[in-house]
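This is query-v9.txt (compact mmCIF, C-alpha atoms).
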```
# COMPACT_ATOMS: atom_id res chain seq x y z
CA MET A 741 -4.64 24.65 -5.28
CA ALA A 742 -7.47 22.20 -4.62
CA VAL A 743 -11.03 23.02 -5.66
CA PHE A 744 -14.10 22.50 -3.42
CA PRO A 745 -17.34 22.77 -5.47
CA GLU A 746 -20.24 24.09 -3.40
CA ASP A 747 -22.88 21.79 -4.88
CA LEU A 748 -21.24 18.67 -3.41
CA LEU A 749 -21.10 17.01 0.01
CA TYR A 750 -17.88 15.49 1.35
CA THR A 751 -16.52 12.85 3.72
CA ARG A 752 -13.48 13.14 5.96
CA GLU A 753 -12.10 10.23 3.90
CA HIS A 754 -11.90 12.57 0.86
CA THR A 755 -14.79 11.24 -1.19
CA TRP A 756 -17.53 13.50 -2.57
CA VAL A 757 -21.20 12.95 -3.41
CA ARG A 758 -23.48 14.79 -5.84
CA VAL A 759 -27.14 14.22 -5.01
CA ASP A 760 -29.84 14.07 -7.67
CA GLY A 761 -33.15 12.90 -6.17
CA ASN A 762 -32.43 9.55 -4.59
CA GLN A 763 -29.27 8.96 -6.59
CA ALA A 764 -25.80 9.80 -5.36
CA THR A 765 -22.83 10.15 -7.71
CA ILE A 766 -19.56 9.45 -5.91
CA GLY A 767 -15.90 10.22 -6.59
CA ILE A 768 -12.72 11.36 -4.85
CA THR A 769 -11.91 14.99 -4.19
CA ASP A 770 -9.45 17.23 -5.97
CA HIS A 771 -7.45 17.39 -2.72
CA ALA A 772 -7.30 13.59 -2.60
CA GLN A 773 -6.09 13.22 -6.17
CA GLU A 774 -3.44 15.89 -5.56
CA LYS A 775 -2.19 14.01 -2.50
CA LEU A 776 -2.25 10.62 -4.21
CA GLY A 777 -0.33 11.76 -7.27
CA GLU A 778 -0.60 9.87 -10.55
CA ILE A 779 -3.42 7.34 -10.34
CA LEU A 780 -2.63 4.03 -11.99
CA SER A 781 -5.63 1.75 -11.31
CA VAL A 782 -9.00 1.70 -9.64
CA GLU A 783 -11.14 -1.23 -8.48
CA LEU A 784 -14.86 -0.48 -8.25
CA PRO A 785 -17.88 -2.59 -7.28
CA ALA A 786 -20.13 -4.13 -9.93
CA VAL A 787 -23.64 -2.85 -10.60
CA ASP A 788 -26.12 -4.25 -8.02
CA THR A 789 -23.46 -4.40 -5.30
CA TYR A 790 -24.65 -2.99 -1.99
CA VAL A 791 -22.31 -0.40 -0.46
CA GLU A 792 -22.52 0.99 3.05
CA GLN A 793 -21.81 4.42 4.42
CA ASP A 794 -18.30 4.62 5.94
CA GLU A 795 -17.34 1.25 4.45
CA SER A 796 -14.92 0.54 1.64
CA PHE A 797 -16.44 0.40 -1.84
CA GLY A 798 -13.22 0.08 -3.81
CA VAL A 799 -9.48 0.57 -3.95
CA ILE A 800 -7.41 3.09 -5.86
CA GLU A 801 -3.75 2.69 -6.70
CA SER A 802 -1.44 5.59 -7.23
CA THR A 803 2.31 5.41 -7.56
CA LYS A 804 3.30 2.75 -5.02
CA THR A 805 0.20 3.14 -2.85
CA THR A 806 -3.20 1.54 -2.57
CA THR A 807 -5.94 3.45 -0.77
CA GLU A 808 -9.40 2.24 0.15
CA LEU A 809 -12.34 4.29 -1.10
CA ILE A 810 -14.92 4.99 1.61
CA SER A 811 -18.56 5.36 0.65
CA PRO A 812 -20.41 8.55 1.70
CA VAL A 813 -23.82 6.80 1.60
CA SER A 814 -25.49 3.38 1.71
CA GLY A 815 -27.35 1.82 -1.19
CA GLU A 816 -27.15 -0.22 -4.33
CA VAL A 817 -24.70 0.62 -7.09
CA VAL A 818 -26.73 1.38 -10.23
CA VAL A 819 -24.03 2.72 -12.58
CA VAL A 820 -20.24 2.36 -12.72
CA ASN A 821 -18.15 4.80 -14.73
CA ASP A 822 -16.84 2.57 -17.52
CA ASP A 823 -14.76 5.42 -18.93
CA LEU A 824 -12.29 4.83 -16.10
CA ALA A 825 -11.41 1.47 -17.62
CA ASP A 826 -10.11 3.31 -20.70
CA ASP A 827 -8.41 6.20 -18.95
CA VAL A 828 -8.06 6.18 -15.18
CA GLY A 829 -6.12 9.43 -15.49
CA ILE A 830 -9.37 11.40 -15.69
CA ILE A 831 -9.62 10.98 -11.92
CA ASN A 832 -6.54 13.21 -11.74
CA SER A 833 -7.52 15.61 -14.48
CA ASP A 834 -11.25 15.97 -13.81
CA PRO A 835 -12.16 14.46 -10.40
CA TYR A 836 -15.56 16.14 -10.04
CA ASP A 837 -16.94 15.60 -13.52
CA THR A 838 -15.75 12.91 -15.96
CA GLY A 839 -13.69 11.27 -13.18
CA TRP A 840 -16.74 10.22 -11.12
CA MET A 841 -16.76 6.58 -10.01
CA ILE A 842 -20.17 5.13 -9.15
CA ILE A 843 -23.83 6.11 -8.84
CA VAL A 844 -25.70 4.69 -5.84
CA GLU A 845 -29.44 4.46 -5.29
CA MET A 846 -29.59 5.69 -1.71
CA ASP A 847 -31.31 3.68 1.02
CA ASP A 848 -31.49 6.43 3.55
CA PRO A 849 -30.98 10.02 2.35
CA SER A 850 -30.80 11.17 5.99
CA GLU A 851 -27.24 9.76 5.95
CA LEU A 852 -26.33 12.90 4.00
CA ASP A 853 -26.65 14.79 7.29
CA ASN A 854 -23.42 13.08 8.40
CA LEU A 855 -21.42 14.66 5.56
CA LEU A 856 -19.55 17.96 5.29
CA ASP A 857 -20.51 20.84 3.01
CA ALA A 858 -17.84 22.50 0.86
CA GLU A 859 -16.86 25.00 3.55
CA GLY A 860 -16.72 22.32 6.23
CA TYR A 861 -14.55 20.06 4.05
CA GLU A 862 -12.21 22.91 3.11
CA ASP A 863 -11.81 23.74 6.81
CA PHE A 864 -11.15 20.05 7.52
CA VAL A 865 -8.48 19.90 4.82
CA GLU A 866 -6.84 23.13 6.04
CA ALA A 867 -6.79 21.87 9.64
CA ASP A 868 -5.29 18.62 8.41
CA GLU A 869 -2.59 20.48 6.48
CA GLU A 870 -1.76 22.69 9.47
CA ALA A 871 -1.44 19.62 11.68
CA ASP A 872 1.24 18.39 9.25
CA MET B 109 6.74 10.13 21.21
CA LYS B 110 5.37 6.89 22.61
CA PRO B 111 7.42 3.70 22.27
CA TRP B 112 7.05 1.61 19.18
CA ARG B 113 6.51 -2.09 19.23
CA LEU B 114 8.97 -4.41 17.53
CA ILE B 115 7.90 -7.80 16.22
CA PRO B 116 11.27 -9.56 15.98
CA PHE B 117 12.47 -11.39 12.88
CA ARG B 118 10.94 -14.76 12.09
CA ALA B 119 10.78 -16.76 8.86
CA CYS B 120 7.11 -17.21 7.92
CA ASP B 121 4.99 -19.22 5.57
CA PRO B 122 4.23 -16.83 2.63
CA PHE B 123 0.50 -16.65 3.27
CA GLU B 124 0.98 -16.15 7.00
CA ALA B 125 3.53 -13.42 6.28
CA MET B 126 0.93 -11.32 4.45
CA ALA B 127 -1.94 -12.22 6.79
CA VAL B 128 -0.01 -10.98 9.82
CA ASP B 129 0.81 -7.67 8.11
CA GLU B 130 -2.81 -7.10 7.16
CA ALA B 131 -3.97 -7.97 10.68
CA LEU B 132 -1.55 -5.42 12.13
CA TYR B 133 -2.78 -2.85 9.58
CA ARG B 134 -6.49 -3.47 10.13
CA LEU B 135 -6.22 -3.34 13.88
CA GLN B 136 -4.22 -0.10 13.68
CA GLY B 137 -7.19 1.29 11.81
CA ARG B 138 -9.65 0.49 14.55
CA ARG B 139 -7.96 1.79 17.67
CA GLU B 140 -4.94 3.57 19.02
CA THR B 141 -2.07 1.16 19.27
CA ALA B 142 1.62 1.78 19.13
CA PRO B 143 3.20 1.96 15.68
CA THR B 144 4.72 -1.41 14.94
CA LEU B 145 7.89 -2.41 13.11
CA ARG B 146 7.99 -6.04 12.07
CA PHE B 147 10.78 -8.06 10.46
CA PHE B 148 10.17 -11.32 8.67
CA GLY B 149 11.57 -13.75 6.16
CA TRP B 150 10.17 -16.59 4.08
CA THR B 151 10.19 -20.32 4.69
CA ARG B 152 10.27 -20.92 0.92
CA ARG B 153 10.97 -19.01 -2.26
CA THR B 154 8.00 -16.75 -3.06
CA VAL B 155 6.89 -14.25 -5.66
CA SER B 156 4.75 -11.52 -4.09
CA VAL B 157 2.73 -9.32 -6.43
CA GLY B 158 1.16 -5.92 -5.92
CA TYR B 159 -2.53 -5.50 -5.19
CA PHE B 160 -3.44 -4.62 -8.77
CA GLN B 161 -1.01 -6.77 -10.72
CA ASP B 162 -2.29 -9.21 -13.32
CA VAL B 163 -0.58 -12.39 -12.13
CA ARG B 164 -1.24 -14.44 -15.23
CA ARG B 165 0.21 -11.74 -17.45
CA GLU B 166 3.26 -10.94 -15.36
CA VAL B 167 4.25 -14.08 -13.46
CA ASN B 168 5.38 -17.33 -15.06
CA LEU B 169 3.02 -19.55 -13.09
CA ASP B 170 4.18 -22.73 -14.83
CA ALA B 171 7.74 -22.09 -13.73
CA CYS B 172 6.59 -21.22 -10.21
CA ARG B 173 4.63 -24.48 -9.96
CA ALA B 174 7.50 -26.52 -11.38
CA GLU B 175 9.92 -25.03 -8.86
CA SER B 176 7.45 -25.03 -5.92
CA VAL B 177 7.63 -21.25 -5.71
CA ALA B 178 4.70 -19.73 -3.81
CA VAL B 179 2.77 -16.81 -5.29
CA VAL B 180 1.03 -14.43 -2.92
CA ARG B 181 -0.74 -11.13 -3.54
CA ARG B 182 0.20 -8.35 -1.14
CA PRO B 183 -2.26 -5.92 0.46
CA THR B 184 0.01 -3.11 -0.78
CA GLY B 185 0.55 -1.79 -4.29
CA GLY B 186 3.71 -1.86 -6.34
CA LYS B 187 5.29 -4.54 -8.45
CA ALA B 188 6.44 -8.15 -8.19
CA VAL B 189 9.15 -9.05 -5.69
CA ILE B 190 11.02 -12.33 -5.63
CA HIS B 191 11.67 -13.33 -2.06
CA ASP B 192 14.83 -15.36 -2.03
CA GLY B 193 17.49 -14.19 0.34
CA ASP B 194 15.80 -10.96 1.33
CA LEU B 195 14.76 -9.44 4.64
CA CYS B 196 11.25 -8.00 4.74
CA TYR B 197 10.00 -5.30 7.04
CA SER B 198 6.62 -3.76 7.65
CA VAL B 199 5.60 -0.61 9.47
CA THR B 200 2.03 -0.06 10.59
CA GLY B 201 0.83 3.18 12.13
CA ARG B 202 -1.79 5.90 12.22
CA THR B 203 -1.82 8.56 9.52
CA ASP B 204 -3.18 11.09 12.01
CA SER B 205 -0.34 10.75 14.53
CA PRO B 206 3.28 11.90 14.37
CA PRO B 207 5.59 11.05 12.77
CA PHE B 208 3.20 9.96 10.01
CA SER B 209 0.66 12.78 9.93
CA GLY B 210 2.50 14.54 7.10
CA GLY B 211 0.91 12.43 4.40
CA LEU B 212 2.00 9.76 2.00
CA THR B 213 5.24 11.26 0.77
CA ASP B 214 6.40 12.24 4.25
CA THR B 215 5.69 8.73 5.50
CA TYR B 216 7.87 7.25 2.74
CA ARG B 217 10.55 9.81 3.48
CA PHE B 218 10.51 9.19 7.24
CA ILE B 219 10.69 5.41 6.95
CA GLY B 220 13.30 5.78 4.21
CA ARG B 221 15.49 7.79 6.58
CA CYS B 222 15.16 5.13 9.29
CA LEU B 223 16.12 2.38 6.84
CA ALA B 224 18.97 4.44 5.44
CA ARG B 225 20.37 5.12 8.92
CA GLY B 226 20.25 1.40 9.66
CA LEU B 227 22.04 0.50 6.44
CA GLU B 228 24.66 3.18 7.01
CA GLY B 229 25.31 1.34 10.26
CA LEU B 230 26.45 -1.59 8.13
CA GLY B 231 28.91 0.67 6.38
CA LEU B 232 26.97 1.36 3.16
CA VAL B 233 27.03 4.74 1.43
CA LEU B 234 23.50 5.49 0.22
CA SER B 235 21.40 7.88 -1.78
CA MET B 236 17.63 8.36 -1.81
CA PRO B 237 15.77 9.80 -4.86
CA GLY B 238 13.61 12.66 -3.62
CA GLU B 239 15.81 13.50 -0.66
CA ASP B 240 18.25 15.28 -2.97
CA GLY B 241 15.54 16.85 -5.13
CA ALA B 242 15.48 14.06 -7.72
CA ALA B 243 11.95 12.90 -8.45
CA GLY B 244 12.44 9.15 -8.88
CA ASP B 245 10.61 7.16 -11.52
CA VAL B 246 7.05 5.91 -11.83
CA ASN B 247 7.67 2.18 -12.22
CA ARG B 248 5.44 0.79 -14.97
CA ASP B 249 7.41 -2.44 -15.22
CA ALA B 250 6.30 -5.67 -13.60
CA PHE B 251 9.39 -6.14 -11.44
CA CYS B 252 9.82 -3.95 -8.37
CA PHE B 253 13.56 -3.61 -8.55
CA THR B 254 13.93 -2.29 -12.11
CA ARG B 255 13.52 1.36 -11.11
CA PRO B 256 13.87 3.40 -7.93
CA ALA B 257 10.90 5.47 -6.73
CA ARG B 258 11.13 8.47 -4.41
CA TYR B 259 12.65 7.76 -1.01
CA GLU B 260 13.78 4.29 -1.94
CA ILE B 261 17.35 3.45 -1.09
CA LEU B 262 20.14 3.21 -3.62
CA VAL B 263 23.73 2.09 -3.26
CA ARG B 264 25.98 3.30 -6.09
CA GLY B 265 22.78 4.19 -7.96
CA ARG B 266 21.38 0.66 -7.64
CA LYS B 267 18.25 -0.27 -5.75
CA ILE B 268 18.78 -2.39 -2.65
CA CYS B 269 15.43 -1.94 -0.89
CA GLY B 270 11.94 -1.58 -2.39
CA SER B 271 8.79 -0.49 -0.56
CA ALA B 272 5.04 -0.15 -1.09
CA GLN B 273 2.15 1.18 0.95
CA SER B 274 -1.55 0.78 1.61
CA ARG B 275 -3.72 3.32 3.42
CA SER B 276 -7.23 3.16 4.84
CA ARG B 277 -9.29 4.88 7.53
CA GLY B 278 -6.47 6.64 9.26
CA ALA B 279 -4.06 3.69 9.20
CA PHE B 280 -1.25 2.69 6.88
CA LEU B 281 0.89 -0.33 6.14
CA GLN B 282 4.29 0.00 4.48
CA GLN B 283 5.99 -3.20 3.39
CA GLY B 284 9.49 -3.47 2.06
CA SER B 285 12.18 -5.88 0.98
CA LEU B 286 15.92 -5.48 1.59
CA LEU B 287 18.04 -7.62 -0.71
CA LEU B 288 20.61 -9.62 1.23
CA ASP B 289 21.47 -11.44 -1.97
CA PHE B 290 20.18 -11.23 -5.53
CA ARG B 291 20.12 -14.00 -8.10
CA ARG B 292 19.82 -12.43 -11.50
CA ASP B 293 18.41 -15.59 -13.09
CA LEU B 294 15.28 -15.66 -10.95
CA PRO B 295 13.36 -12.70 -12.47
CA ASP B 296 14.04 -14.08 -15.95
CA ARG B 297 12.70 -17.49 -14.93
CA LEU B 298 9.80 -16.59 -12.66
CA LEU B 299 8.42 -13.45 -14.31
CA LYS B 300 6.93 -13.22 -17.78
CA ARG B 301 7.86 -11.28 -20.95
CA SER B 302 10.56 -8.70 -20.51
CA ALA B 303 9.23 -7.89 -17.04
CA ALA B 304 12.49 -8.83 -15.46
CA ARG B 305 14.51 -6.41 -17.56
CA PRO B 306 12.54 -4.05 -19.83
CA ALA B 307 14.47 -2.62 -22.75
CA ASP B 308 14.55 0.88 -21.32
CA ALA B 309 15.33 -0.09 -17.71
CA PRO B 310 18.55 1.20 -16.21
CA GLU B 311 21.57 -1.00 -16.81
CA ASP B 312 22.23 -3.31 -13.85
CA PRO B 313 19.61 -1.64 -11.59
CA VAL B 314 19.86 -3.91 -8.54
CA THR B 315 22.35 -4.61 -5.81
CA SER B 316 22.30 -6.48 -2.50
CA LEU B 317 24.24 -6.66 0.74
CA ARG B 318 26.26 -9.53 -0.73
CA GLY B 319 26.84 -7.48 -3.88
CA GLU B 320 28.26 -4.74 -1.67
CA GLY B 321 30.65 -7.09 0.07
CA LEU B 322 28.39 -7.75 3.06
CA GLY B 323 27.62 -11.39 2.35
CA ALA B 324 28.26 -12.32 5.97
CA VAL B 325 25.31 -10.22 7.16
CA ASP B 326 22.35 -12.55 7.70
CA ALA B 327 18.69 -11.57 8.04
CA GLU B 328 18.77 -11.27 11.82
CA SER B 329 21.89 -9.11 11.79
CA ALA B 330 20.43 -6.88 9.08
CA ALA B 331 17.18 -6.59 11.09
CA SER B 332 19.17 -5.61 14.15
CA SER B 333 20.92 -2.86 12.21
CA LEU B 334 17.65 -1.56 10.74
CA ARG B 335 16.11 -1.58 14.21
CA ALA B 336 18.97 0.60 15.42
CA GLY B 337 18.32 2.97 12.50
CA PHE B 338 14.67 3.35 13.48
CA GLU B 339 15.57 3.92 17.13
CA GLU B 340 18.13 6.56 16.24
CA VAL B 341 15.82 8.52 13.93
CA LEU B 342 12.80 8.15 16.23
CA GLY B 343 14.74 8.93 19.40
CA VAL B 344 12.80 6.25 21.28
CA PRO B 345 13.57 2.61 21.92
CA LEU B 346 11.59 -0.10 20.19
CA VAL B 347 10.02 -2.50 22.65
CA ALA B 348 10.01 -6.09 21.46
CA GLY B 349 6.64 -7.73 21.96
CA PRO B 350 4.50 -10.52 20.58
CA LEU B 351 1.38 -10.25 18.47
CA THR B 352 -1.74 -9.76 20.59
CA GLY B 353 -4.36 -12.49 20.78
CA GLU B 354 -6.63 -10.36 18.60
CA GLU B 355 -3.91 -9.96 15.97
CA VAL B 356 -3.16 -13.70 15.98
CA ALA B 357 -6.85 -14.54 15.56
CA LEU B 358 -7.36 -12.07 12.73
CA ALA B 359 -4.16 -13.17 10.97
CA ARG B 360 -5.33 -16.79 11.14
CA GLU B 361 -8.69 -15.81 9.65
CA LEU B 362 -7.06 -13.73 6.89
CA GLY B 363 -4.63 -16.56 6.16
CA GLU B 364 -7.42 -19.08 5.73
CA GLU B 365 -9.99 -16.94 3.93
CA LYS B 366 -7.82 -14.61 1.85
CA TYR B 367 -4.08 -15.17 1.53
CA GLY B 368 -4.31 -18.94 1.37
CA THR B 369 -6.71 -18.82 -1.58
CA GLU B 370 -6.13 -18.72 -5.32
CA THR B 371 -9.16 -16.46 -5.58
CA TRP B 372 -7.13 -13.73 -3.93
CA ASN B 373 -3.62 -14.60 -5.00
CA LEU B 374 -4.30 -15.27 -8.67
CA GLU B 375 -7.56 -13.46 -9.39
CA GLY B 376 -7.25 -10.57 -6.95
CA LYS B 377 -10.81 -11.11 -5.78
CA GLY B 378 -12.26 -11.46 -2.32
CA GLY B 379 -9.80 -9.00 -0.87
CA ARG B 380 -12.23 -6.52 0.60
CA TRP B 381 -12.24 -6.96 4.34
CA THR B 382 -14.62 -5.03 6.50
CA PHE B 383 -15.07 -5.02 10.23
CA GLU B 384 -17.78 -4.31 12.68
CA SER B 385 -16.52 -1.44 14.78
```
Written as C-alpha cells, how would this file's structure read?
Amino acid sequence: MAVFPEDLLYTREHTWVRVDGNQATIGITDHAQEKLGEILSVELPAVDTYVEQDESFGVIESTKTTTELISPVSGEVVVVNDDLADDVGIINSDPYDTGWMIIVEMDDPSELDNLLDAEGYEDFVEADEEAD
Amino acid sequence: MKPWRLIPFRACDPFEAMAVDEALYRLQGRRETAPTLRFFGWTRRTVSVGYFQDVRREVNLDACRAESVAVVRRPTGGKAVIHDGDLCYSVTGRTDSPPFSGGLTDTYRFIGRCLARGLEGLGLVLSMPGEDGAAGDVNRDAFCFTRPARYEILVRGRKICGSAQSRSRGAFLQQGSLLLDFRRDLPDRLLKRSAARPADAPEDPVTSLRGEGLGAVDAESAASSLRAGFEEVLGVPLVAGPLTGEEVALARELGEEKYGTETWNLEGKGGRWTFES
C-alpha cells in the first residue's frame, strides 16, 4: 500500500518535492517505485545544471524499462544524492527519505502552486488505478 | 478502439532505425495519434545496447570495428542485442489510453499476447513467463537473450523474442527483436567477458524460427504473421501508412544529433531530448 506523506507536494508524473526555504528536494513517489519494480540504475543531472518544471531531469531504469523523471520545479541543481551511486535500491526501500535524488535552488517558488498536495495526489493515483 | 497505424517492414540503417522509433515515441507524447506498430530490419550487422549499458565494458568494440559491426544505443532499457537475421518491431502508444492504460506490466502482457498470437499463426507452441504465474527473471547479464523476463515469449523454454520499454509523459515505446536465425558464435565474438553465456545462465537459452524448423520464413513473412496476431487480439485492422512529415523531420534530426554520434552510442551522453510544446 503506497504512502503519501502530507508534508510533500507532488506532480502527476509521480515525482515529489520537499520545500525548505528556497530549496526543493526531489524524488519519486512510493507509488511510482511500486509500479516500476526493482530499480536498477538512475541518471541524474550534475550540480549546476538548470532544470525546468515539467521537463525531464533524469532517467530511471527498472527491470526492462526506462522512465524519464519530470521536475516539479525550475532552478539550479545544488546537490545530487551521491548515495544512489552506491545503492540505487534505496529508491525502492526509502523513496521519501534516503532515496531522494536532487536538491534544486528554486527560481520561482510560485511554481509550487501547480503541484498537488498529498490528498490531491492520492486521489489522482486512485482515479488512475480505477481507470485501469 | 480506433485503428492502429502500421509502418510496414523496411531494412534500415542502424542509426535511422533508432531515430525513427524515438521520433514516433516523442510525437506520441505530445499529441493524440493512433498507436503505431512498426516493423524493421537492419542493413548491416549491429549490436544495440540498452540505455544504461556500459558499452566499453560489455561490448567488444575492437571486434565490432574489425567486422564493420555497427553499435547503437537504444532509447529503451534492457541488454545488448545482436541484430543479424532478426525482425524488429516497435509499438508506440499512450499510457493513458486503452489498451495500455493498465500500466507497465499490462502493456508488456498485452503486446506479448499479440506477438504470441502471431507466432502461433506460424505453427509455434509458446509459453510466456508471467502469464502462467511464473515470475520470470531479472536479467543482470549483458546479453538480452540469456534469460526470459515476464511476458517474453519462449518456445520449448527457450527465448525467441526479447523486448524492452521506455516511458515518458504519457507515452511509451516498446522495442523488440524476434530471432529468425541465431548464430551462437556472434555473442562470444562481439560481446565482452562471459556476457554471452554467464556461468549460471540457463543451458541453451535461445532459439529462433530457423531453430524451430521455420527457416523458410523471412522477415516480411514473419512481420505479416505478427501483424495478423495484433489485429486478432486488438479486434481492429491495422492501417498501413507512412511516417508523417513531422516524424520524418524529427527522425532526421535525432539521427544526425543523437544516434549517429559516438557521444550517445558509446558514452550514453547527449540523450536528453526536450521539446517546446
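Note that the spacing between CA of Ala786 in chain A and CA of Gly368 in chain B amounts to 24.4 Å.
As for CA of Val818 in chain A and CA of Met841 in chain A, they are spaced 11.2 Å apart.
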Between CA of Thr184 in chain B and CA of Ala125 in chain B - distance in Å to one decimal: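 It comes out at 13.0 Å.
The residue that comes closest to chain A, out of B:Gly201, B:Gly210, B:Gly229, B:Pro183 and on the basis of all atoms listed in the file, is B:Gly210.
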Using only C-alpha atoms, find each residue of chain A with at least one atom at most 10 Å away from an atom of chain B; report its shortest atom-to-atom pair and that distance in Å (one decimal), sort the rows by chain and rising residue number, and return the result as a Markdown table.
```
| residue | atom | partner | partner_atom | distance |
| --- | --- | --- | --- | --- |
| A:Arg752 | CA | B:Arg277 | CA | 9.4 |
| A:Glu753 | CA | B:Arg277 | CA | 7.0 |
| A:Lys775 | CA | B:Leu212 | CA | 7.5 |
| A:Leu776 | CA | B:Leu212 | CA | 7.6 |
| A:Gly777 | CA | B:Leu212 | CA | 9.8 |
| A:Glu778 | CA | B:Val246 | CA | 8.7 |
| A:Leu780 | CA | B:Arg248 | CA | 9.2 |
| A:Ser781 | CA | B:Phe160 | CA | 7.2 |
| A:Val782 | CA | B:Phe160 | CA | 8.5 |
| A:Glu783 | CA | B:Phe160 | CA | 8.4 |
| A:Asp794 | CA | B:Arg277 | CA | 9.2 |
| A:Glu795 | CA | B:Thr382 | CA | 7.1 |
| A:Ser796 | CA | B:Thr382 | CA | 7.4 |
| A:Phe797 | CA | B:Arg380 | CA | 8.5 |
| A:Gly798 | CA | B:Arg380 | CA | 8.0 |
| A:Val799 | CA | B:Arg380 | CA | 8.9 |
| A:Ile800 | CA | B:Phe160 | CA | 9.1 |
| A:Glu801 | CA | B:Gly185 | CA | 6.7 |
| A:Ser802 | CA | B:Gly185 | CA | 8.2 |
| A:Thr803 | CA | B:Val246 | CA | 6.4 |
| A:Lys804 | CA | B:Gly186 | CA | 4.8 |
| A:Thr805 | CA | B:Gln273 | CA | 4.7 |
| A:Thr806 | CA | B:Ser274 | CA | 4.6 |
| A:Thr807 | CA | B:Arg275 | CA | 4.7 |
| A:Glu808 | CA | B:Ser276 | CA | 5.2 |
| A:Leu809 | CA | B:Ser276 | CA | 7.9 |
| A:Ile810 | CA | B:Arg277 | CA | 8.2 |
| A:Asp868 | CA | B:Ser209 | CA | 8.5 |
| A:Glu869 | CA | B:Gly210 | CA | 7.8 |
| A:Glu870 | CA | B:Gly210 | CA | 9.5 |
| A:Ala871 | CA | B:Ser209 | CA | 7.4 |
| A:Asp872 | CA | B:Gly210 | CA | 4.6 |
```
Taking C-alpha atoms for each residue, export the selection above as a PDB file, in the coordinates of the input.
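The resulting file, selection_13.pdb, is shown below:
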```
ATOM      1  CA  ARG A 752     -13.480  13.140   5.960  1.00  0.00           C
ATOM      2  CA  GLU A 753     -12.100  10.230   3.900  1.00  0.00           C
ATOM      3  CA  LYS A 775      -2.190  14.010  -2.500  1.00  0.00           C
ATOM      4  CA  LEU A 776      -2.250  10.620  -4.210  1.00  0.00           C
ATOM      5  CA  GLY A 777      -0.330  11.760  -7.270  1.00  0.00           C
ATOM      6  CA  GLU A 778      -0.600   9.870 -10.550  1.00  0.00           C
ATOM      7  CA  LEU A 780      -2.630   4.030 -11.990  1.00  0.00           C
ATOM      8  CA  SER A 781      -5.630   1.750 -11.310  1.00  0.00           C
ATOM      9  CA  VAL A 782      -9.000   1.700  -9.640  1.00  0.00           C
ATOM     10  CA  GLU A 783     -11.140  -1.230  -8.480  1.00  0.00           C
ATOM     11  CA  ASP A 794     -18.300   4.620   5.940  1.00  0.00           C
ATOM     12  CA  GLU A 795     -17.340   1.250   4.450  1.00  0.00           C
ATOM     13  CA  SER A 796     -14.920   0.540   1.640  1.00  0.00           C
ATOM     14  CA  PHE A 797     -16.440   0.400  -1.840  1.00  0.00           C
ATOM     15  CA  GLY A 798     -13.220   0.080  -3.810  1.00  0.00           C
ATOM     16  CA  VAL A 799      -9.480   0.570  -3.950  1.00  0.00           C
ATOM     17  CA  ILE A 800      -7.410   3.090  -5.860  1.00  0.00           C
ATOM     18  CA  GLU A 801      -3.750   2.690  -6.700  1.00  0.00           C
ATOM     19  CA  SER A 802      -1.440   5.590  -7.230  1.00  0.00           C
ATOM     20  CA  THR A 803       2.310   5.410  -7.560  1.00  0.00           C
ATOM     21  CA  LYS A 804       3.300   2.750  -5.020  1.00  0.00           C
ATOM     22  CA  THR A 805       0.200   3.140  -2.850  1.00  0.00           C
ATOM     23  CA  THR A 806      -3.200   1.540  -2.570  1.00  0.00           C
ATOM     24  CA  THR A 807      -5.940   3.450  -0.770  1.00  0.00           C
ATOM     25  CA  GLU A 808      -9.400   2.240   0.150  1.00  0.00           C
ATOM     26  CA  LEU A 809     -12.340   4.290  -1.100  1.00  0.00           C
ATOM     27  CA  ILE A 810     -14.920   4.990   1.610  1.00  0.00           C
ATOM     28  CA  ASP A 868      -5.290  18.620   8.410  1.00  0.00           C
ATOM     29  CA  GLU A 869      -2.590  20.480   6.480  1.00  0.00           C
ATOM     30  CA  GLU A 870      -1.760  22.690   9.470  1.00  0.00           C
ATOM     31  CA  ALA A 871      -1.440  19.620  11.680  1.00  0.00           C
ATOM     32  CA  ASP A 872       1.240  18.390   9.250  1.00  0.00           C
TER      33      ASP A 872
END
```
A:Glu816, A:Ile766, A:Leu852, A:Pro785 ranked by distance to Thr838 in chain A, top pick (using all atoms listed in the file): A:Ile766
Who sits within 10 Å of range 857-866 of chain A, all atoms listed in the file, same chain under 3 positions skipped, as an MDAnalysis selection string: chainID A and resid 742:752 754 756 771:772 852:854 869:872
Any chance you could export the current selection's C-alpha atoms as a PDB file, in the frame of the given file?
```pdb
ATOM      1  CA  ALA A 742      -7.470  22.200  -4.620  1.00  0.00           C
ATOM      2  CA  VAL A 743     -11.030  23.020  -5.660  1.00  0.00           C
ATOM      3  CA  PHE A 744     -14.100  22.500  -3.420  1.00  0.00           C
ATOM      4  CA  PRO A 745     -17.340  22.770  -5.470  1.00  0.00           C
ATOM      5  CA  GLU A 746     -20.240  24.090  -3.400  1.00  0.00           C
ATOM      6  CA  ASP A 747     -22.880  21.790  -4.880  1.00  0.00           C
ATOM      7  CA  LEU A 748     -21.240  18.670  -3.410  1.00  0.00           C
ATOM      8  CA  LEU A 749     -21.100  17.010   0.010  1.00  0.00           C
ATOM      9  CA  TYR A 750     -17.880  15.490   1.350  1.00  0.00           C
ATOM     10  CA  THR A 751     -16.520  12.850   3.720  1.00  0.00           C
ATOM     11  CA  ARG A 752     -13.480  13.140   5.960  1.00  0.00           C
ATOM     12  CA  HIS A 754     -11.900  12.570   0.860  1.00  0.00           C
ATOM     13  CA  TRP A 756     -17.530  13.500  -2.570  1.00  0.00           C
ATOM     14  CA  HIS A 771      -7.450  17.390  -2.720  1.00  0.00           C
ATOM     15  CA  ALA A 772      -7.300  13.590  -2.600  1.00  0.00           C
ATOM     16  CA  LEU A 852     -26.330  12.900   4.000  1.00  0.00           C
ATOM     17  CA  ASP A 853     -26.650  14.790   7.290  1.00  0.00           C
ATOM     18  CA  ASN A 854     -23.420  13.080   8.400  1.00  0.00           C
ATOM     19  CA  GLU A 869      -2.590  20.480   6.480  1.00  0.00           C
ATOM     20  CA  GLU A 870      -1.760  22.690   9.470  1.00  0.00           C
ATOM     21  CA  ALA A 871      -1.440  19.620  11.680  1.00  0.00           C
ATOM     22  CA  ASP A 872       1.240  18.390   9.250  1.00  0.00           C
TER      23      ASP A 872
END
```
